[in-house]
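Okay, structure.tsv now, which holds TSV, C-alpha atoms and all ligand atoms:
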chain	number	residue	atom	x	y	z
A	165	MET	CA	177.31	177.85	-107.87
A	166	GLN	CA	176.50	181.25	-106.36
A	167	PHE	CA	174.66	181.92	-103.10
A	168	ILE	CA	172.47	184.54	-104.81
A	169	ASP	CA	172.90	184.91	-108.57
A	170	LEU	CA	172.08	188.54	-109.39
A	171	GLN	CA	173.77	188.31	-112.82
A	172	ALA	CA	171.35	185.60	-113.96
A	173	GLN	CA	168.41	187.82	-113.02
A	174	TYR	CA	169.93	190.79	-114.85
A	175	GLN	CA	170.51	188.69	-117.99
A	176	HIS	CA	166.85	187.61	-117.85
A	177	LEU	CA	165.58	191.21	-117.62
A	178	LYS	CA	168.44	192.96	-119.43
A	179	SER	CA	166.64	194.60	-122.34
A	180	LYS	CA	163.83	195.97	-120.12
A	181	ILE	CA	166.16	197.23	-117.40
A	182	ASP	CA	168.61	198.76	-119.87
A	183	LYS	CA	165.72	200.62	-121.55
A	184	ARG	CA	164.47	201.93	-118.20
A	185	ILE	CA	167.95	203.15	-117.20
A	186	SER	CA	168.51	204.80	-120.56
A	187	ASP	CA	165.12	206.59	-120.25
A	188	VAL	CA	166.35	208.14	-116.98
A	189	LEU	CA	169.66	209.15	-118.53
A	190	GLU	CA	167.70	210.81	-121.37
A	191	HIS	CA	165.26	212.79	-119.19
A	192	GLY	CA	167.93	213.61	-116.62
A	193	GLN	CA	165.75	213.89	-113.48
A	194	TYR	CA	168.12	211.82	-111.39
A	195	ILE	CA	166.63	212.88	-108.05
A	196	MET	CA	162.88	212.34	-107.47
A	197	GLY	CA	162.21	211.80	-111.17
A	198	PRO	CA	158.89	210.44	-112.48
A	199	GLU	CA	159.95	206.79	-111.95
A	200	VAL	CA	160.03	207.37	-108.17
A	201	ALA	CA	156.36	208.37	-108.03
A	202	GLU	CA	155.44	205.58	-110.46
A	203	LEU	CA	157.22	203.01	-108.30
A	204	GLU	CA	155.55	204.30	-105.12
A	205	ARG	CA	152.12	203.81	-106.73
A	206	GLU	CA	153.03	200.29	-107.89
A	207	LEU	CA	154.48	199.31	-104.50
A	208	ALA	CA	151.44	200.57	-102.58
A	209	ALA	CA	149.13	198.66	-104.94
A	210	TYR	CA	151.16	195.45	-104.62
A	211	VAL	CA	151.37	195.57	-100.83
A	212	GLY	CA	147.76	196.71	-100.48
A	213	VAL	CA	148.31	199.93	-98.51
A	214	LYS	CA	147.45	203.57	-99.19
A	215	HIS	CA	151.00	204.93	-99.17
A	216	ALA	CA	154.47	203.75	-100.13
A	217	VAL	CA	157.22	206.29	-99.49
A	218	THR	CA	160.63	205.34	-100.88
A	219	CYS	CA	163.93	206.30	-99.24
A	220	ALA	CA	167.67	205.63	-99.43
A	221	ASN	CA	167.85	202.22	-97.68
A	222	GLY	CA	166.06	199.88	-95.29
A	223	THR	CA	167.86	201.26	-92.24
A	224	ASP	CA	166.73	204.81	-93.01
A	225	ALA	CA	163.22	203.45	-93.59
A	226	LEU	CA	163.21	202.23	-89.97
A	227	THR	CA	164.72	205.50	-88.70
A	228	LEU	CA	162.08	207.50	-90.59
A	229	ALA	CA	159.33	205.32	-89.09
A	230	LEU	CA	160.69	205.98	-85.59
A	231	MET	CA	160.85	209.73	-86.35
A	232	VAL	CA	157.20	209.70	-87.36
A	233	LEU	CA	156.30	208.01	-84.06
A	234	ASP	CA	158.45	210.56	-82.18
A	235	VAL	CA	160.50	207.82	-80.50
A	236	GLN	CA	163.15	209.40	-78.31
A	237	GLU	CA	165.28	209.17	-75.17
A	238	GLY	CA	163.41	207.50	-72.34
A	239	ASP	CA	161.34	205.32	-74.67
A	240	ALA	CA	161.52	201.54	-74.81
A	241	VAL	CA	161.22	199.87	-78.22
A	242	PHE	CA	160.88	196.08	-78.28
A	243	CYS	CA	162.54	194.00	-81.00
A	244	PRO	CA	163.73	190.41	-81.48
A	245	THR	CA	167.29	189.64	-80.39
A	246	PHE	CA	167.72	187.27	-83.36
A	247	THR	CA	167.75	189.67	-86.32
A	248	PHE	CA	170.03	191.81	-88.49
A	249	PHE	CA	171.77	194.58	-86.55
A	250	ALA	CA	169.88	197.47	-88.22
A	251	THR	CA	166.58	196.50	-86.54
A	252	ALA	CA	168.03	197.26	-83.10
A	253	GLU	CA	170.56	199.89	-84.19
A	254	VAL	CA	167.90	202.39	-85.30
A	255	ILE	CA	166.29	202.28	-81.84
A	256	ALA	CA	169.52	203.31	-80.15
A	257	PHE	CA	170.26	205.78	-82.97
A	258	ALA	CA	166.94	207.49	-82.16
A	259	GLY	CA	168.16	207.85	-78.56
A	260	ALA	CA	165.69	205.26	-77.23
A	261	THR	CA	166.42	201.95	-75.49
A	262	PRO	CA	166.14	198.64	-77.35
A	263	VAL	CA	164.46	195.93	-75.27
A	264	PHE	CA	165.23	192.53	-76.71
A	265	VAL	CA	162.75	189.70	-77.06
A	266	GLU	CA	163.19	185.91	-77.36
A	267	SER	CA	162.52	184.08	-80.65
A	268	ASN	CA	160.16	181.29	-81.60
A	269	GLU	CA	162.31	178.24	-82.31
A	270	SER	CA	160.39	176.95	-85.33
A	271	THR	CA	159.63	180.22	-87.17
A	272	PHE	CA	162.77	182.19	-86.13
A	273	ASN	CA	160.45	185.18	-85.49
A	274	ILE	CA	159.71	187.22	-82.35
A	275	CYS	CA	157.95	185.21	-79.62
A	276	PRO	CA	154.65	186.92	-78.67
A	277	LEU	CA	154.63	185.29	-75.21
A	278	ASP	CA	158.06	186.64	-74.32
A	279	LEU	CA	157.18	190.01	-75.87
A	280	GLU	CA	154.33	190.38	-73.41
A	281	LYS	CA	156.65	189.41	-70.54
A	282	GLN	CA	159.23	192.01	-71.58
A	283	ILE	CA	156.56	194.73	-71.88
A	284	GLN	CA	155.26	193.93	-68.39
A	285	LYS	CA	158.80	194.00	-66.99
A	286	VAL	CA	159.48	197.48	-68.43
A	287	ARG	CA	156.14	198.72	-67.08
A	288	GLU	CA	156.89	197.34	-63.59
A	289	GLU	CA	160.37	198.89	-63.54
A	290	GLY	CA	158.86	202.25	-64.52
A	291	ARG	CA	162.16	203.65	-65.82
A	292	LEU	CA	161.30	203.67	-69.54
A	293	THR	CA	158.12	204.46	-71.47
A	294	PRO	CA	157.04	201.50	-73.64
A	295	LYS	CA	156.50	203.08	-77.06
A	296	ALA	CA	156.71	200.67	-79.96
A	297	ILE	CA	157.44	197.15	-81.21
A	298	ILE	CA	159.62	196.45	-84.24
A	299	SER	CA	158.84	192.92	-85.42
A	300	VAL	CA	160.91	191.34	-88.18
A	301	ASP	CA	159.75	189.07	-91.01
A	302	LEU	CA	162.93	187.04	-90.71
A	303	PHE	CA	164.19	185.11	-93.75
A	304	GLY	CA	160.97	186.07	-95.61
A	305	LEU	CA	158.37	184.66	-93.22
A	306	PRO	CA	155.88	187.19	-91.78
A	307	ALA	CA	155.95	187.38	-87.98
A	308	ASN	CA	152.89	186.30	-85.98
A	309	TYR	CA	150.87	189.47	-86.68
A	310	PRO	CA	147.50	188.23	-85.40
A	311	GLU	CA	149.11	187.93	-81.92
A	312	LEU	CA	151.43	190.94	-82.24
A	313	GLN	CA	148.55	193.24	-83.20
A	314	LYS	CA	146.60	192.12	-80.12
A	315	ILE	CA	149.57	192.83	-77.83
A	316	ALA	CA	150.24	196.24	-79.43
A	317	LYS	CA	146.61	197.17	-78.88
A	318	LYS	CA	146.48	195.84	-75.31
A	319	TYR	CA	149.52	197.89	-74.21
A	320	ASP	CA	148.87	200.89	-76.49
A	321	LEU	CA	152.11	200.41	-78.45
A	322	LYS	CA	152.80	201.25	-82.09
A	323	LEU	CA	153.75	198.33	-84.30
A	324	ILE	CA	156.45	198.63	-86.97
A	325	GLU	CA	156.89	195.71	-89.37
A	326	ASP	CA	160.51	195.35	-90.50
A	327	ALA	CA	159.83	193.64	-93.83
A	328	ALA	CA	163.36	194.17	-95.20
A	329	GLN	CA	163.49	190.42	-95.82
A	330	GLY	CA	159.75	189.89	-95.91
A	331	PHE	CA	158.57	191.68	-99.05
A	332	GLY	CA	156.27	189.25	-100.89
A	333	GLY	CA	155.31	187.24	-97.79
A	334	GLU	CA	151.64	186.75	-96.85
A	335	ILE	CA	149.31	185.77	-94.04
A	336	GLU	CA	145.92	184.58	-95.34
A	337	SER	CA	146.58	186.44	-98.63
A	338	GLN	CA	147.34	189.72	-96.84
A	339	ARG	CA	150.75	190.93	-97.91
A	340	ALA	CA	153.85	191.77	-95.87
A	341	GLY	CA	154.28	195.52	-95.56
A	342	SER	CA	150.67	195.97	-94.46
A	343	PHE	CA	150.74	194.59	-90.92
A	344	GLY	CA	152.00	197.40	-88.72
A	345	ASP	CA	151.08	201.04	-88.14
A	346	LEU	CA	154.10	201.44	-90.39
A	347	ALA	CA	156.13	198.84	-92.28
A	348	THR	CA	159.55	199.14	-93.85
A	349	THR	CA	161.49	197.30	-96.50
A	350	SER	CA	164.95	197.29	-98.06
A	351	PHE	CA	165.93	197.09	-101.72
A	352	PHE	CA	169.52	196.04	-100.94
A	353	PRO	CA	170.49	193.85	-103.94
A	354	ALA	CA	170.31	190.53	-102.06
A	355	LYS	CA	166.81	191.09	-100.60
A	356	PRO	CA	163.79	189.40	-102.24
A	357	LEU	CA	163.05	192.64	-104.14
A	358	GLY	CA	166.43	194.28	-104.62
A	359	CYS	CA	167.78	197.09	-106.78
A	360	TYR	CA	171.34	197.66	-108.04
A	361	GLY	CA	172.46	199.79	-105.13
A	362	ASP	CA	170.84	200.87	-101.88
A	363	GLY	CA	167.13	201.59	-101.53
A	364	GLY	CA	164.23	201.31	-99.13
A	365	ALA	CA	160.56	202.13	-98.55
A	366	ILE	CA	158.02	202.71	-95.81
A	367	PHE	CA	154.39	201.57	-96.08
A	368	THR	CA	151.40	202.96	-94.21
A	369	ASP	CA	147.66	203.51	-94.44
A	370	ASN	CA	147.95	206.64	-92.29
A	371	ASP	CA	147.76	209.90	-94.33
A	372	GLU	CA	149.41	211.96	-91.61
A	373	TYR	CA	152.35	209.54	-91.28
A	374	ALA	CA	152.82	209.54	-95.07
A	375	GLU	CA	152.94	213.32	-95.19
A	376	LEU	CA	155.50	213.41	-92.36
A	377	LEU	CA	157.63	210.76	-94.10
A	378	ARG	CA	157.66	212.76	-97.35
A	379	SER	CA	158.84	215.77	-95.36
A	380	TYR	CA	161.44	214.00	-93.19
A	381	ARG	CA	163.13	212.33	-96.17
A	382	VAL	CA	163.86	215.76	-97.75
A	383	HIS	CA	165.31	217.79	-94.85
A	384	GLY	CA	161.95	218.29	-93.12
A	385	LYS	CA	160.59	220.23	-96.07
A	386	GLY	CA	157.39	222.27	-95.89
A	387	VAL	CA	155.83	223.63	-99.09
A	388	ASP	CA	159.16	223.20	-100.87
A	389	LYS	CA	162.68	222.01	-100.23
A	390	TYR	CA	163.90	225.46	-99.10
A	391	ASP	CA	161.05	225.85	-96.60
A	392	ASN	CA	162.18	223.63	-93.73
A	393	VAL	CA	159.59	223.12	-91.04
A	394	ARG	CA	161.18	220.26	-89.07
A	395	ILE	CA	164.57	218.55	-88.66
A	396	GLY	CA	164.75	215.72	-91.17
A	397	MET	CA	167.35	213.93	-93.22
A	398	ASN	CA	168.42	213.39	-96.82
A	399	SER	CA	167.09	209.96	-97.68
A	400	ARG	CA	165.67	209.61	-101.18
A	401	LEU	CA	165.63	206.66	-103.58
A	402	ASP	CA	167.63	207.47	-106.75
A	403	THR	CA	165.52	207.68	-109.90
A	404	ILE	CA	167.73	205.07	-111.62
A	405	GLN	CA	167.11	202.61	-108.79
A	406	ALA	CA	163.35	203.28	-109.00
A	407	ALA	CA	163.50	202.61	-112.76
A	408	ILE	CA	165.27	199.28	-112.15
A	409	LEU	CA	162.79	198.35	-109.41
A	410	LEU	CA	159.81	198.96	-111.71
A	411	GLU	CA	161.01	196.16	-113.98
A	412	LYS	CA	161.99	193.92	-111.07
A	413	LEU	CA	158.62	194.42	-109.38
A	414	ALA	CA	156.81	193.41	-112.60
A	415	GLU	CA	158.81	190.16	-112.57
A	416	PHE	CA	158.50	189.66	-108.80
A	417	PRO	CA	155.32	187.50	-108.63
A	418	SER	CA	156.82	184.87	-110.94
A	419	GLU	CA	160.13	184.98	-109.03
A	420	LEU	CA	158.24	184.47	-105.77
A	421	GLN	CA	156.63	181.32	-107.19
A	422	LYS	CA	160.04	180.00	-108.24
A	423	ARG	CA	161.49	180.66	-104.78
A	424	ASN	CA	158.64	178.69	-103.24
A	425	LYS	CA	159.17	175.81	-105.67
A	426	ILE	CA	162.85	175.66	-104.73
A	427	ALA	CA	161.95	175.76	-101.02
A	428	ASP	CA	159.54	172.84	-101.56
A	429	GLN	CA	162.28	170.88	-103.30
A	430	TYR	CA	164.74	171.60	-100.47
A	431	GLU	CA	162.12	170.46	-97.97
A	432	THR	CA	161.58	167.18	-99.82
A	433	GLU	CA	165.29	166.46	-100.13
A	434	LEU	CA	166.55	167.66	-96.76
A	435	ALA	CA	163.84	167.13	-94.14
A	436	ASP	CA	165.31	163.81	-93.02
A	437	ARG	CA	168.82	165.26	-92.47
A	438	PHE	CA	168.15	168.69	-90.95
A	439	ILE	CA	165.55	170.74	-89.14
A	440	THR	CA	163.95	172.48	-92.11
A	441	PRO	CA	162.13	175.84	-91.81
A	442	ARG	CA	158.47	175.71	-90.82
A	443	VAL	CA	155.86	177.86	-92.60
A	444	PRO	CA	152.70	178.02	-90.46
A	445	GLU	CA	149.30	177.25	-92.03
A	446	GLY	CA	148.01	180.23	-94.05
A	447	TYR	CA	151.48	181.86	-94.26
A	448	LEU	CA	153.59	182.38	-97.39
A	449	SER	CA	157.33	183.04	-97.20
A	450	SER	CA	159.29	185.09	-99.72
A	451	TRP	CA	162.38	182.99	-98.82
A	452	ALA	CA	164.91	185.76	-98.41
A	453	GLN	CA	166.95	182.90	-96.94
A	454	TYR	CA	166.45	179.15	-96.80
A	455	THR	CA	167.69	178.40	-93.30
A	456	LEU	CA	168.38	174.97	-91.83
A	457	ARG	CA	169.47	173.94	-88.36
A	458	SER	CA	172.11	171.36	-87.50
A	459	GLU	CA	173.95	170.49	-84.27
A	460	ASN	CA	177.13	169.92	-86.32
A	461	ARG	CA	176.85	172.95	-88.52
A	462	ASP	CA	180.61	173.41	-89.11
A	463	GLU	CA	181.05	169.91	-90.57
A	464	VAL	CA	177.92	170.21	-92.67
A	465	MET	CA	178.99	173.57	-94.09
A	466	ALA	CA	182.46	172.20	-94.87
A	467	GLU	CA	180.88	169.23	-96.64
A	468	TYR	CA	178.71	171.54	-98.76
A	469	LYS	CA	181.73	173.70	-99.53
A	470	SER	CA	183.70	170.69	-100.75
A	471	GLN	CA	180.86	170.03	-103.20
A	472	GLY	CA	180.90	173.62	-104.46
A	473	VAL	CA	177.75	174.71	-102.61
A	474	PRO	CA	178.17	178.02	-100.74
A	475	THR	CA	176.44	178.38	-97.37
A	476	MET	CA	176.14	181.33	-94.99
A	477	ILE	CA	175.33	181.88	-91.31
A	478	TYR	CA	172.46	184.33	-90.64
A	479	TYR	CA	172.97	185.14	-87.77
A	480	GLY	CA	175.78	183.89	-85.58
A	481	THR	CA	175.43	186.66	-82.99
A	482	CYS	CA	172.21	187.82	-81.33
A	483	MET	CA	171.66	191.50	-80.59
A	484	HIS	CA	172.08	191.00	-76.83
A	485	GLN	CA	175.50	189.46	-77.54
A	486	GLN	CA	176.70	192.34	-79.76
A	487	THR	CA	179.57	194.47	-78.43
A	488	ALA	CA	177.73	197.64	-79.46
A	489	PHE	CA	174.88	196.74	-77.08
A	490	SER	CA	177.03	195.64	-74.12
A	491	TYR	CA	175.97	198.87	-72.33
A	492	LEU	CA	172.48	197.39	-72.00
A	493	GLY	CA	173.78	194.78	-69.54
A	494	TYR	CA	172.39	191.58	-71.08
A	495	LYS	CA	174.25	188.32	-70.46
A	496	GLU	CA	174.66	184.86	-71.99
A	497	GLY	CA	171.65	182.72	-71.21
A	498	ASP	CA	169.16	185.60	-71.25
A	499	PHE	CA	167.59	184.28	-74.49
A	500	PRO	CA	168.30	180.53	-74.69
A	501	VAL	CA	166.23	179.86	-77.83
A	502	ALA	CA	167.78	182.70	-79.85
A	503	GLU	CA	171.25	181.72	-78.62
A	504	LYS	CA	170.65	178.14	-79.72
A	505	LEU	CA	169.49	179.36	-83.14
A	506	ALA	CA	172.64	181.50	-83.49
A	507	LYS	CA	174.74	178.37	-82.82
A	508	THR	CA	172.90	176.01	-85.20
A	509	VAL	CA	171.49	177.91	-88.22
A	510	PHE	CA	172.98	178.04	-91.70
A	511	SER	CA	171.48	179.05	-95.03
A	512	LEU	CA	171.62	177.44	-98.46
A	513	PRO	CA	171.68	179.21	-101.83
A	514	MET	CA	168.26	180.69	-102.66
A	515	HIS	CA	167.31	182.73	-105.70
A	516	PRO	CA	164.76	182.35	-108.50
A	517	TYR	CA	167.32	181.49	-111.20
A	518	MET	CA	168.82	178.32	-109.69
B	601	LIG	C1	168.71	194.35	-94.63
B	601	LIG	C2	167.95	194.60	-93.42
B	601	LIG	C3	167.76	195.91	-92.91
B	601	LIG	C4	168.47	197.11	-93.44
B	601	LIG	O1	168.34	197.35	-94.80
B	601	LIG	P1	169.46	198.20	-95.59
B	601	LIG	O2	168.80	198.53	-96.88
B	601	LIG	O3	170.64	197.30	-95.75
B	601	LIG	O4	169.76	199.40	-94.78
B	601	LIG	C5	166.94	196.06	-91.80
B	601	LIG	N1	166.35	195.01	-91.21
B	601	LIG	C6	166.53	193.74	-91.65
B	601	LIG	C7	165.83	192.63	-90.96
B	601	LIG	C8	167.35	193.49	-92.76
B	601	LIG	O5	167.52	192.24	-93.18
This entry written out as structure tokens:
Amino acid sequence: MQFIDLQAQYQHLKSKIDKRISDVLEHGQYIMGPEVAELERELAAYVGVKHAVTCANGTDALTLALMVLDVQEGDAVFCPTFTFFATAEVIAFAGATPVFVESNESTFNICPLDLEKQIQKVREEGRLTPKAIISVDLFGLPANYPELQKIAKKYDLKLIEDAAQGFGGEIESQRAGSFGDLATTSFFPAKPLGCYGDGGAIFTDNDEYAELLRSYRVHGKGVDKYDNVRIGMNSRLDTIQAAILLEKLAEFPSELQKRNKIADQYETELADRFITPRVPEGYLSSWAQYTLRSENRDEVMAEYKSQGVPTMIYYGTCMHQQTAFSYLGYKEGDFPVAEKLAKTVFSLPMHPYM
């Protein structure tokens, strides 16, 4: 049994995907070919936003979002400590200071109460300028956007939704990718909507942001690629990956249903043995991971392994415990909930072809 079976998905879609790839090989527009624009229209329609701008990966998507918001040295950007490294990395990469926030124990997502505390602390210290929040839709479940949007508004902060794992999630039928001033996603193969290489996208309703993103991803281009009006980067989605994603996106709604069926089955079978993941009323998860908690995780994982069931730990180290962020001066015990999660979580196989 595989943790995520990408081969099974490819076999299911093989003839359609092969045709799409061969179309690209025939027309030869490998960079920014027609499939890229087609995919951006389809993605924006699915998410329910005005603009989808594709790029090279989910990390670049976050970096591009921070560039649009002009985040720089002296700025504070708030993000959960229990997340994948890229969420926090891009803040430091932009020259700004990551300010970590505690997690909610039952949803794994950023805790709005602690977020407000951390914002007030930075304001009182007066050393950094609070600029933005990056919230994460961890394991596929949208963060608490009703509360996060209120806090962003109250403190005049921009909100970025890191939906790298959250694509397909919903709150009251509103889709992930539409909750922040900007939202980002990743098409890394193992994500809910993955391609066969690296890929990413940024979503926004803001016309000005979209125009900036389209410039930044091609060396800060102006009227054309050899007219450079700002410092940007090279971060485009390959046409072949866009072609693959068009077929995968068409299949995505039915895959999302299957993921939710599997999650329901897991819940029924496992709720009496483990702490199973909680999906709040009105929320839909895209189940990037199905994550359980157990006080004796090592034994449980060994038991699963002996039965041929692979398990993984996402994540065993919080951001404030990472060596790369030791310069920020956090210590053990600063985020007891997130630290407890890091010690007890493990994930079971989850994909639509189980
Ligand atoms: C995967 C991931 C990213 C980065 O995406 P890449 O495409 O791998 O660069 C960012 N944030 C979160 C929460 C992720 O899970």
8 Å per side around ligand LIG 601 (chain B): axis-aligned box centre and edge lengths, as AutoDock Vina command-line options:
--center_x 168.2 --center_y 195.8 --center_z -93.9 --size_x 20.8 --size_y 23.2 --size_z 21.9
In terms of only C-alpha atoms, the residue from A:Cys275, A:Leu401, A:Leu492, A:Ala427 at minimal distance from Leu456 (chain A) is A:Ala427
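Among the candidates A:Leu203, A:Ala250, A:Met465, A:Leu233, the one nearest to Lys412 (chain A) when counting only C-alpha atoms is A:Leu203.
When all atoms listed in the file are used to compute distances to Asn273 (chain A), the closest of the residues A:Pro198, A:Gly472, A:Pro441, A:Gly344 turns out to be A:Pro441.
The contact shell of ligand LIG 601 (chain B), defined as all polymer residues within 7 Å when all atoms listed in the file are used, comprises Asn221, Gly222, Thr223, Asp224, Thr247, Phe248, Ala250, Thr251, Val300, Leu302, Asp326, Ala327, Ala328, Gln329, Ser350, Phe351, Phe352, Asp362, Gly363 and Gly364 of chain A.
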Tell me, counting only C-alpha atoms, for each residue of region 383-488 of chain A within 12 Å of region 241-245 of chain A, which pair of atoms is nearest and how far apart they are in Å to one decimal, in rows ordered by chain and increasing number, as CSV.
residue,atom,partner,partner_atom,distance
A:Tyr479,CA,A:Thr245,CA,10.3
A:Gly480,CA,A:Thr245,CA,11.5
A:Thr481,CA,A:Thr245,CA,9.0
A:Cys482,CA,A:Thr245,CA,5.3
A:Met483,CA,A:Thr245,CA,4.8
A:His484,CA,A:Thr245,CA,6.1
A:Gln485,CA,A:Thr245,CA,8.7
A:Gln486,CA,A:Thr245,CA,9.8
What does the file look like for those residues with C-alpha atoms, as a PDB file, keeping the file's coordinate frame?
ATOM      1  CA  TYR A 479     172.970 185.140 -87.770  1.00  0.00           C
ATOM      2  CA  GLY A 480     175.780 183.890 -85.580  1.00  0.00           C
ATOM      3  CA  THR A 481     175.430 186.660 -82.990  1.00  0.00           C
ATOM      4  CA  CYS A 482     172.210 187.820 -81.330  1.00  0.00           C
ATOM      5  CA  MET A 483     171.660 191.500 -80.590  1.00  0.00           C
ATOM      6  CA  HIS A 484     172.080 191.000 -76.830  1.00  0.00           C
ATOM      7  CA  GLN A 485     175.500 189.460 -77.540  1.00  0.00           C
ATOM      8  CA  GLN A 486     176.700 192.340 -79.760  1.00  0.00           C
TER       9      GLN A 486
END
For CA of Tyr390 (chain A) and CA of Glu190 (chain A), quote the distance in Å rounded to one decimal.
26.9 Å
